[in-house]
file final08.csv (CSV, C-alpha atoms)
chain,number,residue,atom,x,y,z
A,1,MET,CA,0.0,0.0,0.0
A,2,PRO,CA,1.4,3.4,-0.8
A,3,ALA,CA,2.6,5.2,2.3
A,4,LYS,CA,0.7,8.4,1.6
A,5,ARG,CA,-2.6,6.5,1.4
A,6,LEU,CA,-2.3,5.6,5.1
A,7,SER,CA,-3.8,7.9,7.7
A,8,MET,CA,-1.7,10.8,9.0
A,9,ARG,CA,-2.7,9.5,12.5
A,10,LYS,CA,-0.6,6.4,11.9
A,11,ILE,CA,2.3,8.4,10.6
A,12,ARG,CA,2.1,10.6,13.7
A,13,GLU,CA,2.1,7.5,15.8
A,14,VAL,CA,5.3,6.2,14.1
A,15,LEU,CA,7.0,9.5,14.8
A,16,ARG,CA,5.9,9.5,18.4
A,17,LEU,CA,7.0,5.9,19.1
A,18,LYS,CA,10.4,6.6,17.5
A,19,TRP,CA,11.3,10.0,18.8
A,20,ALA,CA,9.3,10.2,22.1
A,21,VAL,CA,9.4,6.5,23.2
A,22,GLY,CA,12.6,5.4,21.6
A,23,MET,CA,11.2,2.2,20.1
A,24,SER,CA,13.1,0.2,17.5
A,25,ASN,CA,11.8,0.2,13.9
A,26,ARG,CA,10.9,-3.5,14.3
A,27,ARG,CA,8.7,-2.9,17.4
A,28,ILE,CA,7.1,0.1,15.8
A,29,ALA,CA,6.2,-2.0,12.7
A,30,VAL,CA,4.5,-4.6,14.9
A,31,SER,CA,2.7,-2.0,17.0
A,32,CYS,CA,1.3,-0.1,14.0
A,33,GLY,CA,0.7,-3.2,11.8
A,34,ILE,CA,3.0,-2.0,9.0
A,35,GLY,CA,6.3,-3.2,7.5
A,36,ARG,CA,9.7,-2.1,8.8
A,37,PRO,CA,10.6,-0.6,5.3
A,38,THR,CA,7.5,1.5,5.6
A,39,VAL,CA,8.5,2.7,9.1
A,40,SER,CA,12.0,3.6,7.8
A,41,GLU,CA,10.4,5.5,4.9
A,42,TYR,CA,8.2,7.5,7.2
A,43,LEU,CA,11.1,8.5,9.4
A,44,ARG,CA,13.3,9.3,6.4
A,45,ARG,CA,10.6,11.6,4.9
A,46,ALA,CA,10.1,13.3,8.3
A,47,GLU,CA,13.8,14.0,8.8
A,48,SER,CA,14.1,15.3,5.2
A,49,ALA,CA,11.1,17.6,5.9
A,50,GLY,CA,12.9,18.9,9.1
A,51,LEU,CA,10.2,17.5,11.4
A,52,GLY,CA,10.8,16.5,15.0
A,53,TRP,CA,8.6,15.5,17.9
A,54,PRO,CA,6.2,16.7,19.0
A,55,VAL,CA,4.8,17.8,15.6
A,56,PRO,CA,3.6,21.4,15.9
A,57,GLU,CA,0.0,21.5,17.3
A,58,ASP,CA,-1.2,23.8,14.6
A,59,MET,CA,0.0,21.5,11.8
A,60,SER,CA,-3.0,20.0,10.0
A,61,ASP,CA,-3.0,16.6,8.4
A,62,ALA,CA,-3.2,18.2,5.0
A,63,ARG,CA,0.0,20.2,5.6
A,64,LEU,CA,1.8,17.2,7.1
A,65,GLU,CA,0.9,15.2,4.1
A,66,ARG,CA,2.3,17.9,1.8
A,67,LEU,CA,5.5,18.0,3.7
A,68,LEU,CA,6.0,14.3,3.7
A,69,PHE,CA,4.7,13.6,0.2
A,70,PRO,CA,5.4,16.6,-2.0
A,71,PRO,CA,4.1,16.3,-5.6
A,72,PRO,CA,6.7,15.0,-7.9
A,73,PRO,CA,8.5,17.4,-10.3
A,74,ASP,CA,6.9,17.7,-13.7
A,75,LEU,CA,9.6,15.8,-15.7
A,76,PRO,CA,9.4,13.8,-18.9
A,77,ALA,CA,9.4,10.0,-18.6
A,78,SER,CA,12.9,9.8,-20.0
A,79,ALA,CA,14.2,12.0,-17.2
A,80,ARG,CA,12.4,10.1,-14.5
A,81,GLY,CA,13.7,6.6,-15.5
A,82,ILE,CA,11.6,3.6,-16.3
A,83,PRO,CA,12.2,0.4,-14.2
A,84,ASP,CA,13.3,-2.8,-15.9
A,85,TRP,CA,10.1,-4.7,-15.3
A,86,ALA,CA,11.7,-8.1,-16.2
A,87,GLU,CA,14.3,-7.6,-13.5
A,88,VAL,CA,11.6,-6.5,-11.0
A,89,HIS,CA,9.7,-9.6,-11.8
A,90,ARG,CA,12.8,-11.8,-11.4
A,91,GLN,CA,13.7,-10.2,-8.0
A,92,LEU,CA,10.1,-10.7,-6.7
A,93,LYS,CA,10.7,-14.4,-6.8
A,94,ARG,CA,13.3,-14.1,-4.1
A,95,LYS,CA,12.3,-14.7,-0.5
A,96,GLY,CA,11.5,-11.5,1.4
A,97,VAL,CA,11.6,-9.3,-1.6
A,98,THR,CA,8.5,-7.0,-2.0
A,99,LEU,CA,7.4,-4.4,-4.5
A,100,PHE,CA,7.9,-1.7,-1.8
A,101,LEU,CA,11.6,-2.7,-1.4
A,102,LEU,CA,12.2,-2.7,-5.2
A,103,TRP,CA,10.5,0.6,-5.5
A,104,GLN,CA,12.8,2.0,-2.8
A,105,GLU,CA,15.8,0.7,-4.8
A,106,TYR,CA,14.3,2.3,-7.9
A,107,ARG,CA,13.9,5.7,-6.2
A,108,ALA,CA,17.4,5.5,-4.8
A,109,SER,CA,18.8,5.2,-8.3
A,110,CYS,CA,16.2,7.6,-9.8
A,111,PRO,CA,15.4,10.3,-7.1
A,112,ASP,CA,13.0,12.0,-9.5
A,113,GLY,CA,11.3,8.7,-10.4
A,114,TYR,CA,7.6,7.8,-10.1
A,115,GLN,CA,5.7,7.3,-6.9
A,116,TYR,CA,5.0,3.8,-5.4
A,117,SER,CA,1.4,3.7,-6.6
A,118,TRP,CA,2.5,4.2,-10.3
A,119,PHE,CA,5.3,1.7,-9.8
A,120,CYS,CA,2.8,-1.0,-8.6
A,121,GLU,CA,0.2,-0.2,-11.3
A,122,ARG,CA,2.7,-0.3,-14.2
A,123,TYR,CA,4.3,-3.5,-12.9
A,124,ARG,CA,0.9,-5.3,-12.7
A,125,ALA,CA,0.0,-4.1,-16.2
A,126,TRP,CA,3.3,-5.5,-17.5
A,127,GLN,CA,2.8,-8.7,-15.5
A,128,GLY,CA,-0.7,-9.1,-17.0
A,129,LYS,CA,0.8,-9.4,-20.5
A,130,LEU,CA,3.2,-12.3,-19.6
A,131,ASP,CA,0.8,-15.2,-20.0
A,132,VAL,CA,-2.7,-14.9,-21.3
A,133,VAL,CA,-3.5,-18.5,-20.0
A,134,MET,CA,-3.0,-17.4,-16.3
A,135,ARG,CA,-6.6,-16.3,-16.0
A,136,GLN,CA,-8.9,-18.8,-14.1
A,137,ASP,CA,-12.7,-18.7,-13.9
A,138,HIS,CA,-14.4,-20.0,-10.7
A,139,ARG,CA,-18.0,-20.3,-9.8
A,140,ALA,CA,-19.1,-18.6,-6.6
A,141,GLY,CA,-18.7,-20.9,-3.6
A,142,GLU,CA,-16.9,-23.5,-5.7
A,143,LYS,CA,-13.2,-23.4,-4.5
A,144,LEU,CA,-11.4,-22.2,-1.4
A,145,PHE,CA,-7.6,-21.9,-1.7
A,146,VAL,CA,-5.8,-22.5,1.5
A,147,ASP,CA,-2.1,-22.3,2.6
A,148,TYR,CA,0.3,-20.8,5.0
A,149,ALA,CA,1.9,-17.5,3.8
A,150,GLY,CA,5.6,-17.8,3.1
A,151,GLN,CA,6.6,-15.3,5.8
A,152,THR,CA,5.9,-15.2,9.5
A,153,VAL,CA,4.6,-12.3,11.5
A,154,GLY,CA,6.2,-11.0,14.7
A,155,VAL,CA,4.1,-11.1,17.9
A,156,ILE,CA,5.4,-9.5,21.1
A,157,ASP,CA,4.8,-11.4,24.4
A,158,ARG,CA,3.3,-8.8,26.7
A,159,ALA,CA,4.6,-10.6,29.8
A,160,THR,CA,8.2,-11.0,28.7
A,161,GLY,CA,8.7,-8.6,25.8
A,162,GLU,CA,10.0,-11.4,23.7
A,163,LEU,CA,9.3,-11.2,19.9
A,164,LEU,CA,7.8,-14.5,18.8
A,165,GLN,CA,7.2,-15.6,15.2
A,166,ALA,CA,3.7,-16.7,14.2
A,167,GLN,CA,2.6,-18.6,11.1
A,168,VAL,CA,-0.1,-16.9,8.9
A,169,PHE,CA,-2.9,-19.1,7.5
A,170,VAL,CA,-4.7,-17.7,4.5
A,171,ALA,CA,-7.9,-18.8,2.8
A,172,VAL,CA,-9.1,-17.2,-0.4
A,173,LEU,CA,-12.4,-17.8,-2.3
A,174,GLY,CA,-11.6,-18.4,-5.9
A,175,ALA,CA,-14.5,-16.5,-7.4
A,176,SER,CA,-14.4,-13.3,-5.3
A,177,ASN,CA,-10.9,-13.3,-3.8
A,178,TYR,CA,-12.6,-12.7,-0.5
A,179,THR,CA,-9.9,-13.5,2.0
A,180,TYR,CA,-9.6,-14.8,5.6
A,181,ALA,CA,-6.3,-14.8,7.5
A,182,GLU,CA,-5.2,-15.7,11.0
A,183,ALA,CA,-2.0,-16.2,12.9
A,184,THR,CA,-1.2,-19.6,14.5
A,185,TRP,CA,1.8,-20.6,16.4
A,186,THR,CA,2.6,-23.6,14.2
A,187,GLN,CA,1.7,-25.3,10.9
A,188,GLY,CA,0.9,-28.5,12.7
A,189,LEU,CA,-2.3,-30.5,12.3
A,190,PRO,CA,-4.3,-29.0,15.2
A,191,ASP,CA,-3.7,-25.4,14.0
A,192,TRP,CA,-4.3,-26.4,10.4
A,193,ILE,CA,-7.7,-28.0,11.1
A,194,GLY,CA,-8.7,-25.3,13.6
A,195,ALA,CA,-7.8,-22.5,11.0
A,196,HIS,CA,-10.1,-24.2,8.5
A,197,THR,CA,-13.1,-24.4,10.9
A,198,ARG,CA,-12.7,-20.8,11.8
A,199,ALA,CA,-12.4,-19.8,8.1
A,200,PHE,CA,-15.6,-21.7,7.3
A,201,ALA,CA,-17.3,-19.8,10.2
A,202,PHE,CA,-16.0,-16.5,8.9
A,203,PHE,CA,-17.3,-17.2,5.3
A,204,GLY,CA,-20.6,-18.4,6.7
A,205,GLY,CA,-20.4,-21.8,5.1
A,206,ALA,CA,-18.1,-24.4,3.4
A,207,PRO,CA,-17.2,-24.4,-0.3
A,208,GLU,CA,-17.5,-27.4,-2.7
A,209,LEU,CA,-13.8,-27.8,-2.9
A,210,VAL,CA,-10.8,-26.9,-0.7
A,211,VAL,CA,-7.6,-26.5,-2.6
A,212,PRO,CA,-4.5,-26.8,-0.3
A,213,ASP,CA,-0.9,-26.7,-1.2
A,214,ASN,CA,0.9,-29.9,-0.4
A,215,LEU,CA,1.5,-29.0,3.2
A,216,ARG,CA,2.3,-32.1,5.3
A,217,SER,CA,-0.6,-31.4,7.7
A,218,GLY,CA,-3.0,-31.7,4.9
A,219,VAL,CA,-1.3,-34.0,2.3
A,220,ARG,CA,0.8,-36.9,3.6
A,221,LYS,CA,2.2,-37.8,0.2
A,222,ALA,CA,2.0,-35.5,-2.9
A,223,HIS,CA,1.1,-37.2,-6.1
A,224,ARG,CA,-0.1,-35.7,-9.5
A,225,TYR,CA,-3.1,-38.0,-9.8
A,226,GLU,CA,-3.7,-39.7,-6.4
A,227,PRO,CA,-2.4,-37.6,-3.5
A,228,ASP,CA,-2.6,-39.2,0.0
A,229,ILE,CA,-4.8,-36.9,2.2
A,230,ASN,CA,-4.1,-36.8,5.9
A,231,PRO,CA,-6.9,-38.9,7.6
A,232,THR,CA,-7.8,-36.2,10.1
A,233,TYR,CA,-8.0,-33.7,7.3
A,234,GLN,CA,-10.1,-36.0,5.3
A,235,ASP,CA,-12.4,-36.5,8.3
A,236,MET,CA,-12.8,-32.8,8.6
A,237,ALA,CA,-13.7,-32.5,4.9
A,238,SER,CA,-16.3,-35.3,5.3
A,239,HIS,CA,-17.8,-33.6,8.3
A,240,TYR,CA,-18.3,-30.4,6.4
A,241,GLY,CA,-19.3,-32.1,3.1
A,242,VAL,CA,-16.4,-30.7,1.1
A,243,ALA,CA,-13.9,-32.3,-1.2
A,244,VAL,CA,-10.1,-31.8,-0.9
A,245,LEU,CA,-8.3,-31.2,-4.2
A,246,PRO,CA,-4.6,-30.6,-3.5
A,247,ALA,CA,-2.7,-28.3,-5.9
A,248,ARG,CA,-0.7,-30.2,-8.4
A,249,VAL,CA,3.0,-30.5,-7.7
A,250,ARG,CA,5.1,-27.9,-9.6
A,251,LYS,CA,1.9,-26.3,-11.0
A,252,PRO,CA,2.1,-22.7,-9.7
A,253,ARG,CA,-1.2,-21.7,-11.4
A,254,ASP,CA,-3.0,-24.0,-9.1
A,255,LYS,CA,-1.9,-22.2,-6.0
A,256,SER,CA,-1.3,-18.6,-7.0
A,257,TRP,CA,-4.5,-17.4,-5.2
A,258,VAL,CA,-3.0,-17.6,-1.7
A,259,SER,CA,0.6,-16.9,-2.5

call {"tool": "encode", "arguments": {"input": "final08.csv", "output": "structure tokens"}}
result
Amino acid sequence: MPAKRLSMRKIREVLRLKWAVGMSNRRIAVSCGIGRPTVSEYLRRAESAGLGWPVPEDMSDARLERLLFPPPPDLPASARGIPDWAEVHRQLKRKGVTLFLLWQEYRASCPDGYQYSWFCERYRAWQGKLDVVMRQDHRAGEKLFVDYAGQTVGVIDRATGELLQAQVFVAVLGASNYTYAEATWTQGLPDWIGAHTRAFAFFGGAPELVVPDNLRSGVRKAHRYEPDINPTYQDMASHYGVAVLPARVRKPRDKSWVS
């Protein structure tokens, strides 16, 4: 999400936690529900604008936004610099790399370059031309794609202050992209099954098909034609009257909805 589309209240909170409380960028990110790169970007912009803490009481949100996100100079595209979208696409396949990080690298090399929203829109437009067979059509209520996200999320133990890492379960309806997500401590079978039941409750019903990736908690043995479903997972599917259809091995189009 572009930083300037977030509320000024959240930006003020980032500045307060950093300059008044002295929190680390990691803890600020967890407290505010944003990424560490975004926290760093807010602080960089604030320092460049000559801001400190407290922000002047008479400074409105509109003025604060203008200071932090001034309009880009009116320059031709050749002067701004156009990203190498093929390289951006290749870099995104690396673990931990996001569009925001790549946009920051782009702006570091092209200070007068385009804003983050333009960067995202143009990349997705370029990506959409890669493979016309990537489009999938789904009937409403037909498929629910489930998996654990590739990255964990930090959770601070209020009693000890320890930063723990939680797994993120994600369920996405194929037809609408309506999404449910929750954090669990593990990817083990109890958490896997529990996350499904809570997802069904959230959606208000069960789909016809559940499409998991080949996670060990759901699929004991991956196979292109006859995957071996975990018995407990199969029992859950039978209870809800749904069918389990694991994503095919090495078929990324089958599981792109969650990833």

call {"tool": "closest_residue", "arguments": {"input": "final08.csv", "among": "A:Asp112, A:Gly154, A:Pro83, A:Arg45", "to": "Ile28 of chain A", "atoms": "all atoms listed in the file"}}
result
A:Gly154

call {"tool": "atom_distance", "arguments": {"input": "final08.csv", "atom1": "atom CA of Arg198 of chain A", "atom2": "atom CA of Val168 of chain A"}}
result
13.5 Å

call {"tool": "residues_around", "arguments": {"input": "final08.csv", "residues": "Leu102 of chain A", "least_positions_apart": "4", "cutoff": "9 Å", "atoms": "only C-alpha atoms", "output": "MDAnalysis selection string"}}
result
chainID A and resid 88 91:92 97:98 106:107

call {"tool": "atom_distance", "arguments": {"input": "final08.csv", "atom1": "atom CA of Ala175 of chain A", "atom2": "atom CA of Phe200 of chain A"}}
result
15.6 Å

call {"tool": "closest_residue", "arguments": {"input": "final08.csv", "among": "A:Glu208, A:Gly194, A:Trp103, A:Glu57", "to": "Met236 of chain A", "atoms": "only C-alpha atoms"}}
result
A:Gly194

call {"tool": "residues_around", "arguments": {"input": "final08.csv", "residues": "Tyr178 of chain A", "least_positions_apart": "3", "cutoff": "12 Å", "atoms": "all atoms listed in the file", "output": "list of chain:residue names"}}
result
A:Ala140, A:Gly141, A:Lys143, A:Leu144, A:Phe145, A:Val170, A:Ala171, A:Val172, A:Leu173, A:Gly174, A:Ala175, A:Ala181, A:Ala199, A:Phe202, A:Phe203, A:Trp257, A:Val258

call {"tool": "residues_around", "arguments": {"input": "final08.csv", "residues": "Lys18 of chain A", "least_positions_apart": "2", "cutoff": "12 Å", "atoms": "all atoms listed in the file", "output": "PyMOL selection string"}}
result
chain A and resi 11-16+20-29+31-32+39-40+42-44+46-47+52-54
